[in-house]
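Novice: Handing you this structure, nothing more for now.
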Amino acid sequence: MNVGQPEKKHNDFFQNVYDVVRLIPAGRVTSYGAIAAYLGSKGGARMVGWAMGSSYTEHGIPAHRVVNREGVLTAKMQFRTPTTMQELLEKEGVIVKNDKIQNWKERFWDPEKEL
DNA sequence: CATCTGACTCCTT
DNA sequence: AAAGGAGCCAGAT
């Protein structure tokens with residue numbers, strides 16, 4: 001029963017972000033800008049991270065696979081512990097050193113390209 | 001109702 | 001080349 005009328009709620013943006021993040025395969029990482037670009041939101045780079053930040057990162061969303069465009073774990077502090085993000089990434093096979101992802105270019109998962 | 005902040009990114013100096 | 005400031009949208013106070 002959707003009534004054919006798009007509700008158009010702010011949640012739409014959030015849902016979009018969550019959907020893309022959940023589609024990120026294990027061992028892969030992406031940047032906020034990539035997701036924002038895929039969603040079509042230009043200045044959405046902040047919005048993307050902010051969207052999950054409001055969700056506290058733990059809602060079935062592998063937020064640890066999302067980092068800034070430099071491959072640096074900027075959001076590690078948002079996790080329960082400043083090392084949780086890195087631990088999760090390493091557990092999935094992603095090498096993180098000095099809070100930065102190694103082979104970032106190879107690990108980079110572009111939704112527009114992969115999807 | 002108006003103001004400010006925010007897990008970013010790009011441009012200018 | 002590096003550092004700093006401005007810009008984007010949406011939610012919260």
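In the structure tokens, chains take letters A, B, ... by order of appearance, with residues numbered from 1 within each chain and ligands from 1 in the order shown.
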As an MDAnalysis selection string, list the residues of chain A assigned to helix (DSSP H, G or I) by DSSP on the backbone atoms of this structure.

Specialist: chainID A and resid 11:22 32:39 44:53 63:65 76:78 84:91 104:107 111:114

Novice: Go ahead and dump the residues you just picked, N, CA and C atoms, as a compact mmCIF listing (two decimals), in the first residue's frame.

Specialist:
# COMPACT_ATOMS: atom_id res chain seq x y z
N ASN A 11 14.20 10.22 5.78
CA ASN A 11 14.74 8.88 5.96
C ASN A 11 15.20 8.30 4.64
N ASP A 12 14.70 8.79 3.58
CA ASP A 12 15.06 8.28 2.27
C ASP A 12 16.56 8.34 2.07
N PHE A 13 17.11 9.45 2.43
CA PHE A 13 18.56 9.61 2.29
C PHE A 13 19.29 8.62 3.18
N PHE A 14 18.83 8.51 4.39
CA PHE A 14 19.45 7.58 5.33
C PHE A 14 19.36 6.16 4.80
N GLN A 15 18.18 5.79 4.38
CA GLN A 15 17.98 4.44 3.88
C GLN A 15 18.92 4.15 2.72
N ASN A 16 19.09 5.12 1.89
CA ASN A 16 19.98 4.97 0.74
C ASN A 16 21.40 4.68 1.20
N VAL A 17 21.85 5.46 2.13
CA VAL A 17 23.22 5.29 2.64
C VAL A 17 23.37 3.91 3.27
N TYR A 18 22.44 3.56 4.10
CA TYR A 18 22.52 2.26 4.77
C TYR A 18 22.55 1.13 3.76
N ASP A 19 21.74 1.26 2.76
CA ASP A 19 21.65 0.21 1.75
C ASP A 19 23.00 0.01 1.06
N VAL A 20 23.61 1.09 0.65
CA VAL A 20 24.90 1.01 -0.04
C VAL A 20 25.96 0.44 0.90
N VAL A 21 25.99 0.92 2.12
CA VAL A 21 27.00 0.47 3.07
C VAL A 21 26.84 -1.03 3.34
N ARG A 22 25.62 -1.46 3.41
CA ARG A 22 25.39 -2.89 3.66
C ARG A 22 25.82 -3.72 2.47
N TYR A 32 33.13 8.21 1.83
CA TYR A 32 31.86 8.92 1.97
C TYR A 32 31.50 9.60 0.64
N GLY A 33 32.48 10.19 0.04
CA GLY A 33 32.25 10.89 -1.22
C GLY A 33 31.75 9.94 -2.30
N ALA A 34 32.29 8.72 -2.32
CA ALA A 34 31.87 7.75 -3.33
C ALA A 34 30.40 7.41 -3.15
N ILE A 35 30.01 7.19 -1.93
CA ILE A 35 28.61 6.87 -1.64
C ILE A 35 27.72 8.06 -1.98
N ALA A 36 28.17 9.22 -1.59
CA ALA A 36 27.41 10.44 -1.85
C ALA A 36 27.24 10.63 -3.36
N ALA A 37 28.29 10.38 -4.08
CA ALA A 37 28.24 10.55 -5.53
C ALA A 37 27.28 9.53 -6.12
N TYR A 38 27.32 8.33 -5.59
CA TYR A 38 26.45 7.27 -6.09
C TYR A 38 24.98 7.63 -5.82
N LEU A 39 24.76 8.25 -4.70
CA LEU A 39 23.40 8.64 -4.35
C LEU A 39 22.99 9.90 -5.11
N GLY A 44 26.93 15.69 -0.18
CA GLY A 44 26.45 14.69 0.79
C GLY A 44 27.57 13.96 1.49
N ALA A 45 28.78 14.26 1.15
CA ALA A 45 29.91 13.57 1.79
C ALA A 45 29.73 13.60 3.30
N ARG A 46 29.46 14.74 3.84
CA ARG A 46 29.26 14.86 5.30
C ARG A 46 28.00 14.15 5.70
N MET A 47 26.99 14.33 4.91
CA MET A 47 25.68 13.76 5.23
C MET A 47 25.76 12.26 5.37
N VAL A 48 26.58 11.64 4.52
CA VAL A 48 26.70 10.17 4.57
C VAL A 48 27.21 9.73 5.93
N GLY A 49 28.31 10.25 6.33
CA GLY A 49 28.88 9.88 7.63
C GLY A 49 27.97 10.29 8.76
N TRP A 50 27.40 11.44 8.61
CA TRP A 50 26.52 11.95 9.65
C TRP A 50 25.28 11.06 9.77
N ALA A 51 24.84 10.51 8.66
CA ALA A 51 23.65 9.65 8.66
C ALA A 51 23.88 8.44 9.55
N MET A 52 24.98 7.79 9.40
CA MET A 52 25.25 6.63 10.23
C MET A 52 25.65 7.01 11.63
N GLY A 53 26.30 8.11 11.75
CA GLY A 53 26.70 8.58 13.08
C GLY A 53 25.48 8.72 13.97
N ALA A 63 29.79 -0.04 9.23
CA ALA A 63 30.31 1.32 9.09
C ALA A 63 31.84 1.32 9.09
N HIS A 64 32.42 0.29 9.64
CA HIS A 64 33.88 0.24 9.69
C HIS A 64 34.47 0.12 8.29
N ARG A 65 33.61 -0.18 7.32
CA ARG A 65 34.10 -0.28 5.95
C ARG A 65 34.01 1.05 5.24
N LYS A 76 36.76 6.05 13.70
CA LYS A 76 37.12 5.03 14.70
C LYS A 76 36.71 5.46 16.10
N MET A 77 36.68 6.74 16.33
CA MET A 77 36.30 7.23 17.66
C MET A 77 34.82 7.03 17.95
N GLN A 78 34.05 6.97 16.90
CA GLN A 78 32.60 6.82 17.06
C GLN A 78 32.25 5.41 17.53
N THR A 84 38.05 -0.48 17.74
CA THR A 84 37.05 -1.40 17.21
C THR A 84 37.03 -1.38 15.68
N MET A 85 37.03 -0.22 15.14
CA MET A 85 36.98 -0.11 13.69
C MET A 85 38.17 -0.80 13.03
N GLN A 86 39.33 -0.54 13.57
CA GLN A 86 40.52 -1.15 12.99
C GLN A 86 40.49 -2.66 13.16
N GLU A 87 40.06 -3.10 14.32
CA GLU A 87 39.98 -4.53 14.59
C GLU A 87 39.05 -5.21 13.59
N LEU A 88 37.92 -4.59 13.39
CA LEU A 88 36.94 -5.17 12.46
C LEU A 88 37.51 -5.23 11.04
N LEU A 89 38.18 -4.19 10.65
CA LEU A 89 38.76 -4.16 9.31
C LEU A 89 39.82 -5.23 9.15
N GLU A 90 40.68 -5.34 10.13
CA GLU A 90 41.74 -6.34 10.04
C GLU A 90 41.16 -7.74 10.06
N LYS A 91 40.08 -7.86 10.79
CA LYS A 91 39.42 -9.17 10.88
C LYS A 91 38.86 -9.58 9.52
N TRP A 104 44.91 1.06 0.05
CA TRP A 104 43.60 1.74 0.01
C TRP A 104 43.05 1.75 -1.42
N LYS A 105 43.90 2.02 -2.34
CA LYS A 105 43.46 2.11 -3.73
C LYS A 105 42.91 0.78 -4.23
N GLU A 106 43.53 -0.30 -3.74
CA GLU A 106 43.06 -1.62 -4.17
C GLU A 106 41.83 -2.04 -3.40
N ARG A 107 41.77 -1.62 -2.17
CA ARG A 107 40.64 -1.97 -1.32
C ARG A 107 39.43 -1.09 -1.58
N PRO A 111 30.81 2.05 -5.45
CA PRO A 111 29.43 1.62 -5.73
C PRO A 111 29.05 1.86 -7.19
N GLU A 112 29.51 2.93 -7.73
CA GLU A 112 29.15 3.23 -9.12
C GLU A 112 29.85 2.26 -10.07
N LYS A 113 31.01 1.86 -9.68
CA LYS A 113 31.79 0.98 -10.55
C LYS A 113 31.45 -0.48 -10.31
N GLU A 114 31.34 -0.86 -9.06
CA GLU A 114 31.06 -2.25 -8.71
C GLU A 114 29.59 -2.59 -8.93

Novice: Distance cut-off 9 Å, counting only C-alpha atoms (C1' of nucleotides) - which residues of chain C neighbour chain A? Return them as a PDB file with N, CA, C and O atoms (P, O5', C5', C4', C3', O3' and C1' of nucleotides), in the first residue's frame.

Specialist:
ATOM      1  P    DG C   7      31.464  30.073   1.273  1.00  0.00           P
ATOM      2  O5'  DG C   7      31.195  28.512   0.939  1.00  0.00           O
ATOM      3  C5'  DG C   7      31.802  27.917  -0.220  1.00  0.00           C
ATOM      4  C4'  DG C   7      31.128  26.584  -0.549  1.00  0.00           C
ATOM      5  C3'  DG C   7      29.618  26.598  -0.295  1.00  0.00           C
ATOM      6  O3'  DG C   7      28.946  25.986  -1.396  1.00  0.00           O
ATOM      7  C1'  DG C   7      30.647  24.883   1.009  1.00  0.00           C
ATOM      8  P    DC C   8      27.354  26.057  -1.434  1.00  0.00           P
ATOM      9  O5'  DC C   8      26.945  24.588  -0.983  1.00  0.00           O
ATOM     10  C5'  DC C   8      27.064  23.491  -1.904  1.00  0.00           C
ATOM     11  C4'  DC C   8      26.668  22.173  -1.244  1.00  0.00           C
ATOM     12  C3'  DC C   8      25.328  22.235  -0.485  1.00  0.00           C
ATOM     13  O3'  DC C   8      24.291  21.714  -1.301  1.00  0.00           O
ATOM     14  C1'  DC C   8      27.038  21.270   0.889  1.00  0.00           C
ATOM     15  P    DC C   9      22.801  22.042  -0.907  1.00  0.00           P
ATOM     16  O5'  DC C   9      22.539  20.927   0.211  1.00  0.00           O
ATOM     17  C5'  DC C   9      22.692  19.559  -0.121  1.00  0.00           C
ATOM     18  C4'  DC C   9      22.160  18.676   0.996  1.00  0.00           C
ATOM     19  C3'  DC C   9      20.744  19.032   1.437  1.00  0.00           C
ATOM     20  O3'  DC C   9      19.980  17.864   1.629  1.00  0.00           O
ATOM     21  C1'  DC C   9      22.257  19.278   3.274  1.00  0.00           C
ATOM     22  P    DA C  10      18.440  18.007   1.997  1.00  0.00           P
ATOM     23  O5'  DA C  10      18.446  17.439   3.493  1.00  0.00           O
ATOM     24  C5'  DA C  10      19.423  16.486   3.855  1.00  0.00           C
ATOM     25  C4'  DA C  10      19.386  16.191   5.344  1.00  0.00           C
ATOM     26  C3'  DA C  10      18.041  16.499   5.990  1.00  0.00           C
ATOM     27  O3'  DA C  10      17.715  15.497   6.930  1.00  0.00           O
ATOM     28  C1'  DA C  10      19.749  17.804   7.020  1.00  0.00           C
TER      29       DA C  10
END

Novice: Skipping near chain neighbours, those fewer than 6 positions away, what residues fall within 12 Å of C:DG5 using only C-alpha atoms (C1' of nucleotides), listed as a ChimeraX atom specification?

Specialist: /B:10-13

Novice: What does the distance between atom CA of A:Pro62 and atom CA of A:Arg28 come to in Å, to one decimal place?

Specialist: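 Calculated distance between atom CA of A:Pro62 and atom CA of A:Arg28 is 10.5 Å.
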
Novice: Any chance you could list, as an MDAnalysis selection string, the residues in stretch 18-68 of chain A that come up strand (DSSP E or B) when DSSP is run on the backbone?

Specialist: chainID A and resid 29:31 66:67

Novice: What's the separation between atom C1' of B:DC4 and atom CA of A:Ala75, in Å to one decimal place?

Specialist: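 Between atom C1' of B:DC4 and atom CA of A:Ala75 the gap is 21.0 Å.
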
Novice: Check every residue of chain B for an atom within 9 Å of chain A, counting only C-alpha atoms (C1' of nucleotides), and provide those that qualify as a ChimeraX atom specification.

Specialist: /B:6-9

Novice: Pull N, CA and C atoms (P, O5', C5', C4', C3', O3' and C1' of nucleotides) from the residues just selected and write them as a short mmCIF file (atom, residue, chain, number, x, y, z; two decimals), in the first residue's frame.

Specialist:
data_model
loop_
_atom_site.label_atom_id
_atom_site.label_comp_id
_atom_site.auth_asym_id
_atom_site.auth_seq_id
_atom_site.Cartn_x
_atom_site.Cartn_y
_atom_site.Cartn_z
P DG B 6 30.34 19.49 16.23
"O5'" DG B 6 29.98 18.46 15.06
"C5'" DG B 6 28.89 17.56 15.24
"C4'" DG B 6 28.70 16.74 13.96
"C3'" DG B 6 30.03 16.38 13.30
"O3'" DG B 6 30.13 14.98 13.06
"C1'" DG B 6 28.54 17.45 11.74
P DA B 7 31.44 14.45 13.77
"O5'" DA B 7 31.74 13.21 12.83
"C5'" DA B 7 33.07 12.70 12.86
"C4'" DA B 7 33.33 11.88 11.62
"C3'" DA B 7 32.63 12.34 10.35
"O3'" DA B 7 33.55 12.31 9.29
"C1'" DA B 7 32.19 10.06 10.73
P DC B 8 34.34 13.63 8.88
"O5'" DC B 8 33.74 13.79 7.41
"C5'" DC B 8 33.39 12.68 6.60
"C4'" DC B 8 33.30 13.11 5.15
"C3'" DC B 8 34.65 13.09 4.42
"O3'" DC B 8 34.49 12.64 3.08
"C1'" DC B 8 33.76 15.29 4.43
P DT B 9 35.79 12.44 2.20
"O5'" DT B 9 35.73 13.79 1.34
"C5'" DT B 9 34.53 14.07 0.61
"C4'" DT B 9 34.71 15.32 -0.24
"C3'" DT B 9 36.08 15.38 -0.93
"O3'" DT B 9 35.89 15.62 -2.31
"C1'" DT B 9 35.69 17.38 0.33
#
